[in-house]
file upload24.cif (mmCIF, C-alpha atoms and all ligand atoms)
data_query
loop_
_atom_site.group_PDB
_atom_site.id
_atom_site.type_symbol
_atom_site.label_atom_id
_atom_site.label_comp_id
_atom_site.auth_asym_id
_atom_site.auth_seq_id
_atom_site.Cartn_x
_atom_site.Cartn_y
_atom_site.Cartn_z
ATOM 1 C CA MET S 1 -48.012 -58.893 -63.894
ATOM 2 C CA GLY S 2 -47.733 -55.227 -63.238
ATOM 3 C CA GLN S 3 -45.318 -53.209 -65.250
ATOM 4 C CA GLN S 4 -44.029 -49.745 -65.082
ATOM 5 C CA GLY S 5 -45.405 -47.067 -67.328
ATOM 6 C CA LYS S 6 -43.825 -43.737 -68.070
ATOM 7 C CA MET S 7 -44.884 -40.857 -65.899
ATOM 8 C CA GLY S 8 -47.004 -38.201 -67.448
ATOM 9 C CA GLY S 9 -50.490 -36.807 -67.295
ATOM 10 C CA ASN S 10 -51.312 -36.413 -70.933
ATOM 11 C CA GLU S 11 -53.467 -39.490 -71.316
ATOM 12 C CA GLU S 12 -56.940 -38.894 -72.641
ATOM 13 C CA HIS S 13 -59.446 -39.663 -69.893
ATOM 14 C CA VAL S 14 -62.727 -40.871 -71.212
ATOM 15 C CA HIS S 15 -64.984 -40.582 -68.197
ATOM 16 C CA GLY S 16 -65.722 -37.983 -65.560
ATOM 17 C CA SER S 17 -63.808 -34.853 -64.790
ATOM 18 C CA ALA S 18 -60.479 -36.477 -65.629
ATOM 19 C CA GLU S 19 -61.430 -36.083 -69.295
ATOM 20 C CA ASP S 20 -60.714 -32.403 -68.936
ATOM 21 C CA THR S 21 -57.048 -33.074 -68.249
ATOM 22 C CA GLN S 22 -56.342 -34.319 -71.773
ATOM 23 C CA SER S 23 -54.284 -31.319 -72.756
ATOM 24 C CA ARG S 24 -52.677 -30.897 -69.331
ATOM 25 C CA GLN S 25 -48.938 -30.549 -69.546
ATOM 26 C CA GLU S 26 -48.120 -30.299 -65.846
ATOM 27 C CA PRO S 27 -46.908 -33.403 -63.974
ATOM 28 C CA THR S 28 -49.788 -35.422 -62.597
ATOM 29 C CA LEU S 29 -50.143 -37.733 -59.617
ATOM 30 C CA ARG S 30 -53.031 -40.184 -59.955
ATOM 31 C CA LEU S 31 -54.279 -41.784 -56.729
ATOM 32 C CA ILE S 32 -57.027 -44.402 -56.253
ATOM 33 C CA LEU S 33 -58.807 -44.845 -52.921
ATOM 34 C CA VAL S 34 -59.453 -48.541 -52.295
ATOM 35 C CA GLY S 35 -60.668 -50.591 -49.325
ATOM 36 C CA ARG S 36 -63.832 -51.843 -47.680
ATOM 37 C CA THR S 37 -67.024 -49.815 -47.504
ATOM 38 C CA GLY S 38 -67.120 -47.611 -44.406
ATOM 39 C CA ALA S 39 -63.344 -47.575 -43.906
ATOM 40 C CA GLY S 40 -63.258 -43.843 -44.662
ATOM 41 C CA LYS S 41 -62.196 -43.689 -48.339
ATOM 42 C CA SER S 42 -64.407 -40.742 -49.306
ATOM 43 C CA ALA S 43 -63.602 -38.862 -46.082
ATOM 44 C CA THR S 44 -59.867 -39.401 -46.729
ATOM 45 C CA GLY S 45 -60.305 -38.191 -50.315
ATOM 46 C CA ASN S 46 -61.904 -35.000 -49.000
ATOM 47 C CA SER S 47 -59.061 -34.499 -46.501
ATOM 48 C CA ILE S 48 -56.482 -34.865 -49.287
ATOM 49 C CA LEU S 49 -58.346 -32.401 -51.499
ATOM 50 C CA GLY S 50 -59.005 -29.993 -48.614
ATOM 51 C CA LYS S 51 -62.633 -29.703 -49.722
ATOM 52 C CA ARG S 52 -65.753 -31.861 -49.707
ATOM 53 C CA ARG S 53 -65.852 -33.410 -53.153
ATOM 54 C CA PHE S 54 -66.834 -36.982 -52.286
ATOM 55 C CA LEU S 55 -69.942 -38.032 -50.407
ATOM 56 C CA SER S 56 -68.951 -39.537 -47.045
ATOM 57 C CA ARG S 57 -71.448 -40.745 -44.503
ATOM 58 C CA LEU S 58 -71.811 -43.127 -41.585
ATOM 59 C CA GLY S 59 -73.601 -46.365 -42.364
ATOM 60 C CA ALA S 60 -73.053 -49.894 -43.518
ATOM 61 C CA THR S 61 -74.029 -49.252 -47.121
ATOM 62 C CA SER S 62 -71.852 -47.491 -49.633
ATOM 63 C CA VAL S 63 -72.986 -43.943 -50.395
ATOM 64 C CA THR S 64 -70.666 -43.414 -53.353
ATOM 65 C CA ARG S 65 -72.817 -44.373 -56.348
ATOM 66 C CA ALA S 66 -70.104 -44.457 -58.993
ATOM 67 C CA CYS S 67 -66.354 -44.077 -59.157
ATOM 68 C CA THR S 68 -65.609 -40.359 -59.386
ATOM 69 C CA THR S 69 -62.543 -38.142 -59.580
ATOM 70 C CA ALA S 70 -61.617 -34.776 -58.132
ATOM 71 C CA SER S 71 -58.343 -32.892 -58.153
ATOM 72 C CA ARG S 72 -56.153 -30.290 -56.448
ATOM 73 C CA ARG S 73 -52.786 -28.672 -56.938
ATOM 74 C CA TRP S 74 -49.923 -29.520 -54.639
ATOM 75 C CA ASP S 75 -46.463 -28.093 -55.151
ATOM 76 C CA LYS S 76 -45.713 -28.660 -58.855
ATOM 77 C CA TRP S 77 -48.220 -31.509 -59.102
ATOM 78 C CA HIS S 78 -51.736 -31.777 -60.411
ATOM 79 C CA VAL S 79 -53.165 -34.389 -58.032
ATOM 80 C CA GLU S 80 -56.095 -36.483 -59.263
ATOM 81 C CA VAL S 81 -57.954 -38.637 -56.764
ATOM 82 C CA VAL S 82 -60.326 -41.453 -57.783
ATOM 83 C CA ASP S 83 -62.901 -42.420 -55.156
ATOM 84 C CA THR S 84 -64.319 -45.903 -55.581
ATOM 85 C CA LEU S 85 -67.617 -47.429 -54.556
ATOM 86 C CA ASP S 86 -68.341 -50.925 -53.370
ATOM 87 C CA ILE S 87 -66.122 -52.847 -55.802
ATOM 88 C CA PHE S 88 -63.855 -54.520 -53.243
ATOM 89 C CA SER S 89 -66.299 -56.461 -51.054
ATOM 90 C CA SER S 90 -67.496 -60.063 -51.234
ATOM 91 C CA GLU S 91 -70.757 -58.578 -52.571
ATOM 92 C CA VAL S 92 -69.074 -57.354 -55.733
ATOM 93 C CA PRO S 93 -70.598 -60.089 -57.957
ATOM 94 C CA LYS S 94 -73.952 -58.502 -57.018
ATOM 95 C CA THR S 95 -72.917 -54.835 -56.920
ATOM 96 C CA ASP S 96 -70.933 -54.939 -60.174
ATOM 97 C CA PRO S 97 -72.041 -58.110 -61.999
ATOM 98 C CA GLY S 98 -70.835 -57.039 -65.447
ATOM 99 C CA CYS S 99 -67.615 -55.390 -64.164
ATOM 100 C CA GLU S 100 -68.747 -52.020 -65.617
ATOM 101 C CA GLU S 101 -67.801 -50.074 -62.501
ATOM 102 C CA ARG S 102 -64.416 -51.753 -62.309
ATOM 103 C CA GLY S 103 -63.909 -50.911 -65.987
ATOM 104 C CA ARG S 104 -64.808 -47.271 -65.281
ATOM 105 C CA CYS S 105 -62.318 -47.230 -62.407
ATOM 106 C CA TYR S 106 -59.625 -48.362 -64.877
ATOM 107 C CA LEU S 107 -60.489 -45.625 -67.351
ATOM 108 C CA LEU S 108 -60.631 -42.937 -64.662
ATOM 109 C CA SER S 109 -57.129 -43.847 -63.521
ATOM 110 C CA ALA S 110 -55.602 -44.507 -66.991
ATOM 111 C CA PRO S 111 -52.782 -44.683 -67.966
ATOM 112 C CA GLY S 112 -52.241 -46.038 -64.438
ATOM 113 C CA PRO S 113 -52.146 -44.854 -60.822
ATOM 114 C CA HIS S 114 -48.988 -43.584 -59.147
ATOM 115 C CA THR S 115 -50.281 -44.888 -55.824
ATOM 116 C CA LEU S 116 -53.165 -46.921 -54.464
ATOM 117 C CA LEU S 117 -54.366 -45.670 -51.084
ATOM 118 C CA LEU S 118 -55.606 -48.699 -49.157
ATOM 119 C CA VAL S 119 -57.894 -47.222 -46.525
ATOM 120 C CA THR S 120 -58.588 -49.057 -43.256
ATOM 121 C CA GLN S 121 -59.755 -47.975 -39.836
ATOM 122 C CA LEU S 122 -57.095 -47.825 -37.135
ATOM 123 C CA GLY S 123 -57.412 -50.817 -34.792
ATOM 124 C CA ARG S 124 -60.024 -52.527 -36.973
ATOM 125 C CA PHE S 125 -58.305 -54.501 -39.714
ATOM 126 C CA THR S 126 -61.036 -57.109 -40.138
ATOM 127 C CA ALA S 127 -61.898 -60.044 -42.418
ATOM 128 C CA GLN S 128 -63.716 -57.508 -44.621
ATOM 129 C CA ASP S 129 -60.500 -55.528 -45.028
ATOM 130 C CA GLN S 130 -58.645 -58.711 -45.966
ATOM 131 C CA GLN S 131 -61.349 -59.504 -48.507
ATOM 132 C CA ALA S 132 -60.931 -55.985 -49.935
ATOM 133 C CA VAL S 133 -57.167 -56.533 -50.260
ATOM 134 C CA ARG S 134 -57.815 -59.797 -52.150
ATOM 135 C CA GLN S 135 -60.207 -58.003 -54.502
ATOM 136 C CA VAL S 136 -57.648 -55.247 -55.089
ATOM 137 C CA ARG S 137 -54.988 -57.833 -55.993
ATOM 138 C CA ASP S 138 -57.428 -59.712 -58.226
ATOM 139 C CA MET S 139 -58.509 -56.556 -60.002
ATOM 140 C CA PHE S 140 -55.086 -54.958 -60.538
ATOM 141 C CA GLY S 141 -52.440 -57.675 -60.062
ATOM 142 C CA GLU S 142 -50.224 -59.081 -57.314
ATOM 143 C CA ASP S 143 -47.453 -56.511 -57.451
ATOM 144 C CA VAL S 144 -49.796 -53.532 -57.143
ATOM 145 C CA LEU S 145 -48.970 -53.643 -53.416
ATOM 146 C CA LYS S 146 -45.569 -52.161 -54.294
ATOM 147 C CA TRP S 147 -47.518 -49.086 -55.387
ATOM 148 C CA THR S 148 -49.713 -49.057 -52.271
ATOM 149 C CA VAL S 149 -49.760 -46.885 -49.159
ATOM 150 C CA ILE S 150 -51.903 -48.080 -46.229
ATOM 151 C CA VAL S 151 -53.945 -45.173 -44.886
ATOM 152 C CA PHE S 152 -55.337 -45.563 -41.352
ATOM 153 C CA THR S 153 -58.378 -43.427 -40.590
ATOM 154 C CA ARG S 154 -59.395 -42.335 -37.066
ATOM 155 C CA LYS S 155 -55.868 -41.205 -36.301
ATOM 156 C CA GLU S 156 -57.345 -39.556 -33.206
ATOM 157 C CA ASP S 157 -57.515 -43.051 -31.650
ATOM 158 C CA LEU S 158 -53.705 -43.025 -31.502
ATOM 159 C CA ALA S 159 -54.184 -40.379 -28.807
ATOM 160 C CA GLY S 160 -50.831 -38.800 -29.624
ATOM 161 C CA GLY S 161 -49.006 -42.166 -29.915
ATOM 162 C CA SER S 162 -46.850 -42.995 -32.914
ATOM 163 C CA LEU S 163 -48.253 -44.809 -35.937
ATOM 164 C CA GLN S 164 -44.939 -46.632 -36.434
ATOM 165 C CA ASP S 165 -45.152 -47.966 -32.849
ATOM 166 C CA TYR S 166 -48.736 -49.062 -33.425
ATOM 167 C CA VAL S 167 -47.918 -50.853 -36.685
ATOM 168 C CA GLY S 168 -44.749 -52.384 -35.200
ATOM 169 C CA SER S 169 -46.521 -53.786 -32.166
ATOM 170 C CA THR S 170 -49.883 -54.864 -33.571
ATOM 171 C CA GLU S 171 -50.811 -58.470 -32.896
ATOM 172 C CA ASN S 172 -52.884 -58.601 -36.056
ATOM 173 C CA ARG S 173 -50.733 -60.916 -38.211
ATOM 174 C CA ALA S 174 -52.657 -60.234 -41.418
ATOM 175 C CA LEU S 175 -52.033 -56.514 -40.973
ATOM 176 C CA ARG S 176 -48.340 -57.024 -40.218
ATOM 177 C CA LYS S 177 -47.937 -59.125 -43.378
ATOM 178 C CA LEU S 178 -49.760 -56.530 -45.444
ATOM 179 C CA VAL S 179 -47.618 -53.684 -44.113
ATOM 180 C CA ALA S 180 -44.506 -55.662 -45.072
ATOM 181 C CA LYS S 181 -45.869 -56.323 -48.576
ATOM 182 C CA CYS S 182 -46.532 -52.611 -48.983
ATOM 183 C CA GLY S 183 -42.901 -51.873 -48.092
ATOM 184 C CA GLY S 184 -43.887 -50.320 -44.746
ATOM 185 C CA GLN S 185 -45.621 -47.368 -46.453
ATOM 186 C CA VAL S 186 -48.199 -46.218 -43.896
ATOM 187 C CA CYS S 187 -49.906 -42.980 -43.035
ATOM 188 C CA ALA S 188 -52.733 -41.865 -40.709
ATOM 189 C CA PHE S 189 -55.613 -39.394 -41.078
ATOM 190 C CA ASP S 190 -58.014 -37.818 -38.640
ATOM 191 C CA ASN S 191 -60.672 -36.925 -41.156
ATOM 192 C CA ARG S 192 -62.400 -34.617 -38.674
ATOM 193 C CA ALA S 193 -59.385 -32.304 -38.785
ATOM 194 C CA THR S 194 -59.757 -28.958 -40.555
ATOM 195 C CA GLY S 195 -57.550 -26.045 -41.610
ATOM 196 C CA ARG S 196 -53.798 -26.295 -41.040
ATOM 197 C CA GLU S 197 -54.021 -29.699 -39.336
ATOM 198 C CA GLN S 198 -55.882 -31.122 -42.342
ATOM 199 C CA GLU S 199 -53.343 -29.681 -44.787
ATOM 200 C CA VAL S 200 -50.372 -31.055 -42.806
ATOM 201 C CA GLN S 201 -51.875 -34.565 -43.005
ATOM 202 C CA ALA S 202 -52.484 -34.235 -46.745
ATOM 203 C CA GLU S 203 -48.929 -33.007 -47.317
ATOM 204 C CA GLN S 204 -47.482 -35.904 -45.335
ATOM 205 C CA LEU S 205 -49.315 -38.369 -47.558
ATOM 206 C CA LEU S 206 -48.474 -36.546 -50.791
ATOM 207 C CA GLY S 207 -44.838 -36.481 -49.697
ATOM 208 C CA LEU S 208 -44.970 -40.270 -49.302
ATOM 209 C CA VAL S 209 -46.534 -40.604 -52.744
ATOM 210 C CA GLU S 210 -43.853 -38.373 -54.267
ATOM 211 C CA GLY S 211 -41.208 -40.568 -52.592
ATOM 212 C CA LEU S 212 -42.776 -43.663 -54.189
ATOM 213 C CA VAL S 213 -42.721 -41.974 -57.589
ATOM 214 C CA TRP S 214 -38.980 -41.306 -57.252
ATOM 215 C CA GLU S 215 -38.442 -44.862 -56.008
ATOM 216 C CA HIS S 216 -40.168 -46.169 -59.143
ATOM 217 C CA GLU S 217 -38.103 -43.786 -61.272
ATOM 218 C CA GLY S 218 -41.149 -41.816 -62.308
ATOM 219 C CA ALA S 219 -43.165 -44.865 -63.332
ATOM 220 C CA HIS S 220 -46.796 -45.305 -62.476
ATOM 221 C CA TYR S 221 -48.440 -48.700 -62.055
ATOM 222 C CA SER S 222 -49.523 -50.434 -65.248
ATOM 223 C CA ASN S 223 -50.796 -53.816 -66.401
ATOM 224 C CA GLU S 224 -52.292 -55.304 -69.562
ATOM 225 C CA LEU S 225 -55.659 -53.599 -68.992
ATOM 226 C CA TYR S 226 -54.105 -50.154 -68.606
ATOM 227 C CA GLU S 227 -52.136 -50.918 -71.771
ATOM 228 C CA LEU S 228 -55.372 -51.866 -73.528
ATOM 229 C CA ALA S 229 -56.979 -48.603 -72.362
ATOM 230 C CA HIS S 230 -53.941 -46.747 -73.708
ATOM 231 C CA LEU S 231 -54.055 -48.547 -77.083
ATOM 232 C CA LEU S 232 -57.734 -47.650 -77.395
ATOM 233 C CA ARG S 233 -57.263 -44.016 -76.396
ATOM 234 C CA TRP S 234 -58.447 -42.782 -79.789
ATOM 235 C CA ALA S 235 -61.349 -45.248 -80.001
ATOM 236 C CA GLY S 236 -64.884 -44.098 -79.281
ATOM 237 C CA ARG S 237 -65.915 -43.712 -75.646
ATOM 238 C CA GLU S 238 -68.363 -46.636 -75.663
ATOM 239 C CA LYS S 239 -66.047 -48.993 -77.510
ATOM 240 C CA ARG S 240 -63.139 -48.227 -75.175
ATOM 241 C CA LEU S 241 -65.258 -48.798 -72.079
ATOM 242 C CA ARG S 242 -66.743 -52.006 -73.505
ATOM 243 C CA ARG S 243 -63.335 -53.493 -74.353
ATOM 244 C CA VAL S 244 -61.851 -52.624 -70.956
ATOM 245 C CA VAL S 245 -64.933 -53.984 -69.140
ATOM 246 C CA GLU S 246 -64.579 -57.240 -71.114
ATOM 247 C CA GLY S 247 -60.908 -57.357 -70.138
ATOM 248 C CA VAL S 248 -61.691 -56.862 -66.449
ATOM 249 C CA ALA S 249 -64.389 -59.573 -66.595
ATOM 250 C CA ALA S 250 -61.939 -62.017 -68.235
ATOM 251 C CA ARG S 251 -59.283 -61.220 -65.598
ATOM 252 C CA MET S 252 -61.762 -61.781 -62.737
ATOM 253 C CA ARG S 253 -62.908 -65.102 -64.286
ATOM 254 C CA ARG S 254 -59.290 -66.277 -64.548
ATOM 255 C CA ARG S 255 -58.679 -65.385 -60.894
ATOM 256 C CA LEU S 256 -61.838 -67.227 -59.825
ATOM 257 C CA TRP S 257 -60.898 -70.363 -61.779
ATOM 258 C CA GLY S 258 -57.410 -70.240 -60.289
ATOM 259 C CA ALA S 259 -58.829 -69.972 -56.760
ATOM 260 C CA TRP S 260 -61.262 -72.864 -57.351
ATOM 261 C CA LEU S 261 -58.537 -75.016 -58.807
ATOM 262 C CA ARG S 262 -56.240 -74.376 -55.848
ATOM 263 C CA ALA S 263 -59.083 -75.028 -53.387
ATOM 264 C CA GLY S 264 -59.965 -78.264 -55.259
ATOM 265 C CA LEU S 265 -56.392 -79.547 -55.139
ATOM 266 C CA TRP S 266 -56.063 -78.796 -51.436
ATOM 267 C CA ALA S 267 -59.361 -80.529 -50.755
ATOM 268 C CA TRP S 268 -58.336 -83.656 -52.705
ATOM 269 C CA PRO S 269 -58.551 -86.480 -50.141
ATOM 270 C CA LYS S 270 -55.344 -88.304 -51.110
ATOM 271 C CA PRO S 271 -52.786 -88.229 -53.893
ATOM 272 C CA LEU S 272 -54.085 -89.542 -57.228
ATOM 273 C CA TRP S 273 -51.300 -92.086 -57.485
ATOM 274 C CA SER S 274 -51.823 -93.726 -54.066
HETATM 275 N N1 LIG S 301 -63.977 -40.004 -36.162
HETATM 276 C C1 LIG S 301 -63.613 -40.242 -37.427
HETATM 277 N N2 LIG S 301 -64.547 -40.677 -38.307
HETATM 278 C C2 LIG S 301 -64.159 -40.920 -39.572
HETATM 279 C C3 LIG S 301 -62.817 -40.754 -39.998
HETATM 280 N N3 LIG S 301 -62.747 -41.103 -41.307
HETATM 281 C C4 LIG S 301 -63.991 -41.444 -41.693
HETATM 282 N N4 LIG S 301 -64.851 -41.345 -40.657
HETATM 283 C C5 LIG S 301 -66.288 -41.635 -40.664
HETATM 284 O O1 LIG S 301 -66.492 -42.972 -41.124
HETATM 285 C C6 LIG S 301 -67.714 -43.055 -41.849
HETATM 286 C C7 LIG S 301 -67.473 -43.743 -43.202
HETATM 287 O O2 LIG S 301 -66.658 -42.903 -43.993
HETATM 288 P P1 LIG S 301 -66.751 -42.893 -45.603
HETATM 289 O O3 LIG S 301 -65.751 -41.872 -46.047
HETATM 290 O O4 LIG S 301 -68.153 -42.698 -46.080
HETATM 291 O O5 LIG S 301 -66.246 -44.375 -45.916
HETATM 292 P P2 LIG S 301 -66.134 -45.120 -47.344
HETATM 293 O O6 LIG S 301 -67.350 -45.983 -47.478
HETATM 294 O O7 LIG S 301 -64.892 -45.946 -47.257
HETATM 295 O O8 LIG S 301 -66.057 -44.062 -48.401
HETATM 296 C C8 LIG S 301 -68.230 -41.618 -41.972
HETATM 297 O O9 LIG S 301 -69.208 -41.402 -40.993
HETATM 298 C C9 LIG S 301 -67.027 -40.764 -41.685
HETATM 299 O O10 LIG S 301 -67.376 -39.521 -41.128
HETATM 300 C C10 LIG S 301 -61.847 -40.305 -39.032
HETATM 301 O O11 LIG S 301 -60.655 -40.135 -39.314
HETATM 302 N N5 LIG S 301 -62.301 -40.073 -37.762
HETATM 303 MG MG MG S 302 -67.293 -43.669 -50.031
#
call {"tool": "encode", "arguments": {"input": "upload24.cif", "output": "structure tokens", "more": "lines below"}}
Ligand SMILES: Nc1nc2c(ncn2[C@@H]2O[C@H](COP(=O)(O)OP(=O)(O)O)[C@@H](O)[C@H]2O)c(=O)[nH]1
Ligand SMILES: [Mg+2]
result
Amino acid sequence: MGQQGKMGGNEEHVHGSAEDTQSRQEPTLRLILVGRTGAGKSATGNSILGKRRFLSRLGATSVTRACTTASRRWDKWHVEVVDTLDIFSSEVPKTDPGCEERGRCYLLSAPGPHTLLLVTQLGRFTAQDQQAVRQVRDMFGEDVLKWTVIVFTRKEDLAGGSLQDYVGSTENRALRKLVAKCGGQVCAFDNRATGREQEVQAEQLLGLVEGLVWEHEGAHYSNELYELAHLLRWAGREKRLRRVVEGVAARMRRRLWGAWLRAGLWAWPKPLWS
């Protein structure tokens, strides 16, 4: 179950550039880019930051080699963005067999994200996207969707039309259900945009995120693994990572067993008592 944690950016970050924010006193917004490979996560991250910090490239394979963070200032906020690699596809047992990368993602976003940005391509919400959503829920918890904004890339395909109209009239049932679960929080990016147009898009999204923070009374998302990371904040780097990785692995095993059990019961030919 997800819980609410207190807002604040003073958590010690153990990996990557976020470590440097340990003594930061200014209010922080932590965002994680999630979604299928090729949806435009890294490109969206760059648009939010207004500079190329994440590697984004056309192609079926993920070009982000490890979860990384980069930051910017916006209004009074220090905004930290975590870009993720291929940890939300059906291939994840092969790409992250020991859950190390998922553990790193937890530590990079500790003590918990203010918003998850679920990136998908406009007009192409596919089975792979649905798989990514399942992985996100398995990794973080069911109610993380209350902390999620759906970001549609290739906004240019709207050709001036309204995103709300598109979302309201889509015949893709899975997408409609997801939008409802995310409380209707949607946003669109043309990641080819530059200059003022790029900044306006980023500000629209950050405004949405700020709205979510107020809605959650300043709380960021948290669960037992973020709490574990917080408890171990003074432990050594390796020990903290190892314990969180073990926690993620145990959580994923529990989810898998649950799914098998449910599938087994559905597949049962007739009631046991008949
Ligand atoms: N035309 C267009 N291409 C985009 C947009 N967003 C991403 N792309 C392209 O989609 C491809 C995959 O993007 P990338 O950021 O690497 O996806 P990731 O795997 O989710 O990180 C790249 O070639 C991007 O240039 C967009 O808004 N418009
Ligand atoms: Mg990427």
call {"tool": "closest_atom_pairs", "arguments": {"input": "upload24.cif", "of": "chain S", "to": "ligand LIG 301 (chain S)", "cutoff": "9 Å", "atoms": "all atoms listed in the file", "output": "CSV"}}
result
residue,atom,partner,partner_atom,distance
S:Leu33,CA,S:LIG301,O7,8.4
S:Val34,CA,S:LIG301,O7,7.9
S:Gly35,CA,S:LIG301,O7,6.6
S:Arg36,CA,S:LIG301,O7,6.0
S:Thr37,CA,S:LIG301,O6,3.8
S:Gly38,CA,S:LIG301,O6,3.5
S:Ala39,CA,S:LIG301,O7,4.0
S:Gly40,CA,S:LIG301,O5,3.3
S:Lys41,CA,S:LIG301,O7,3.7
S:Ser42,CA,S:LIG301,O3,3.7
S:Ala43,CA,S:LIG301,O3,3.7
S:Thr44,CA,S:LIG301,N3,6.4
S:Gly45,CA,S:LIG301,O3,7.8
S:Asn46,CA,S:LIG301,O3,8.4
S:Phe54,CA,S:LIG301,O3,8.0
S:Leu55,CA,S:LIG301,O4,6.6
S:Ser56,CA,S:LIG301,O4,3.4
S:Arg57,CA,S:LIG301,O4,4.1
S:Leu58,CA,S:LIG301,O9,3.2
S:Gly59,CA,S:LIG301,C7,6.7
S:Ala60,CA,S:LIG301,O6,8.0
S:Thr61,CA,S:LIG301,O6,7.4
S:Ser62,CA,S:LIG301,O6,5.2
S:Val63,CA,S:LIG301,O4,6.6
S:Thr64,CA,S:LIG301,O8,6.8
S:Asp83,CA,S:LIG301,O8,7.6
S:Thr84,CA,S:LIG301,O8,7.6
S:Leu85,CA,S:LIG301,O8,7.2
S:Asp86,CA,S:LIG301,O6,7.8
S:Val119,CA,S:LIG301,O7,7.2
S:Thr120,CA,S:LIG301,O7,8.1
S:Gln121,CA,S:LIG301,N3,7.6
S:Leu122,CA,S:LIG301,O11,8.7
S:Phe152,CA,S:LIG301,O11,7.9
S:Thr153,CA,S:LIG301,O11,4.2
S:Arg154,CA,S:LIG301,O11,3.4
S:Lys155,CA,S:LIG301,O11,5.8
S:Glu156,CA,S:LIG301,N5,6.8
S:Asp157,CA,S:LIG301,N5,8.3
S:Ala188,CA,S:LIG301,O11,8.2
S:Phe189,CA,S:LIG301,O11,5.4
S:Asp190,CA,S:LIG301,O11,3.6
S:Asn191,CA,S:LIG301,O11,3.7
S:Arg192,CA,S:LIG301,N5,5.5
S:Ala193,CA,S:LIG301,O11,8.0
call {"tool": "atom_distance", "arguments": {"input": "upload24.cif", "atom1": "CA of Leu116 in chain S", "atom2": "CA of Ala259 in chain S"}}
result
23.8 Å
call {"tool": "closest_atom_pairs", "arguments": {"input": "upload24.cif", "of": "range 198-255 of chain S", "to": "range 178-184 of chain S", "cutoff": "12 Å", "atoms": "only C-alpha atoms", "output": "tab-separated table"}}
result
residue	atom	partner	partner_atom	distance
S:Leu208	CA	S:Gly184	CA	11.1
S:Leu212	CA	S:Gly183	CA	10.2
S:Glu215	CA	S:Gly183	CA	11.5
call {"tool": "atom_distance", "arguments": {"input": "upload24.cif", "atom1": "CA of Val209 in chain S", "atom2": "CA of Val149 in chain S"}}
result
7.9 Å
call {"tool": "closest_residue", "arguments": {"input": "upload24.cif", "among": "S:Ala66, S:Leu29, S:Leu49, S:Ala132", "to": "ligand MG 302 (chain S)", "atoms": "all atoms listed in the file"}}
result
S:Ala66
call {"tool": "atom_distance", "arguments": {"input": "upload24.cif", "atom1": "CA of Gly112 in chain S", "atom2": "CA of Thr126 in chain S"}}
result
28.1 Å
call {"tool": "residues_around", "arguments": {"input": "upload24.cif", "residues": "Arg134 in chain S", "least_positions_apart": "6", "cutoff": "12 Å", "atoms": "only C-alpha atoms", "output": "VMD selection string"}}
result
chain S and resid 34 to 36 87 to 90 118 127 to 128 140 to 142 144 to 145 174 178 252 255 to 256 259
call {"tool": "closest_residue", "arguments": {"input": "upload24.cif", "among": "S:Gly264, S:Gly236, S:Gly218, S:Gly247", "to": "Pro27 in chain S", "atoms": "all atoms listed in the file"}}
result
S:Gly218
call {"tool": "resolve_selection", "arguments": {"input": "upload24.cif", "expression": "the PyMOL selection byres (((chain S and resi 249) around 10) and not hetatm)", "output": "list in words"}}
result
Pro97, Gly98, Cys99, Glu100, Arg102, Gly103, Met139, Arg243, Val244, Val245, Glu246, Gly247, Val248, Ala250, Arg251, Met252, Arg253, Arg254 and Arg255 of chain S
call {"tool": "closest_residue", "arguments": {"input": "upload24.cif", "among": "S:His216, S:Arg173, S:His114, S:Arg52", "to": "ligand MG 302 (chain S)", "atoms": "only C-alpha atoms and all ligand atoms"}}
result
S:Arg52
call {"tool": "axis_aligned_box", "arguments": {"input": "upload24.cif", "around": "range 150-161 of chain S", "padding_each_side": "4 Å", "output": "JSON"}}
result
{"center_x": -54.2, "center_y": -43.4, "center_z": -37.5, "size_x": 18.4, "size_y": 17.3, "size_z": 25.4}
call {"tool": "closest_residue", "arguments": {"input": "upload24.cif", "among": "S:Pro93, S:Leu117, S:His220, S:Lys177", "to": "Thr28 in chain S", "atoms": "all atoms listed in the file"}}
result
S:His220
call {"tool": "residues_around", "arguments": {"input": "upload24.cif", "residues": "Phe125 in chain S", "least_positions_apart": "5", "cutoff": "8 Å", "atoms": "all atoms listed in the file", "output": "short mmCIF file (atom, residue, chain, number, x, y, z; two decimals) with C-alpha atoms, in the coordinates of the input"}}
result
data_model
loop_
_atom_site.label_atom_id
_atom_site.label_comp_id
_atom_site.auth_asym_id
_atom_site.auth_seq_id
_atom_site.Cartn_x
_atom_site.Cartn_y
_atom_site.Cartn_z
CA THR S 120 -58.59 -49.06 -43.26
CA GLN S 130 -58.64 -58.71 -45.97
CA ASN S 172 -52.88 -58.60 -36.06
CA LEU S 175 -52.03 -56.51 -40.97
#
call {"tool": "closest_residue", "arguments": {"input": "upload24.cif", "among": "S:Thr115, S:Ser222, S:Ser71, S:Ser47", "to": "Gln201 in chain S", "atoms": "all atoms listed in the file"}}
result
S:Ser47
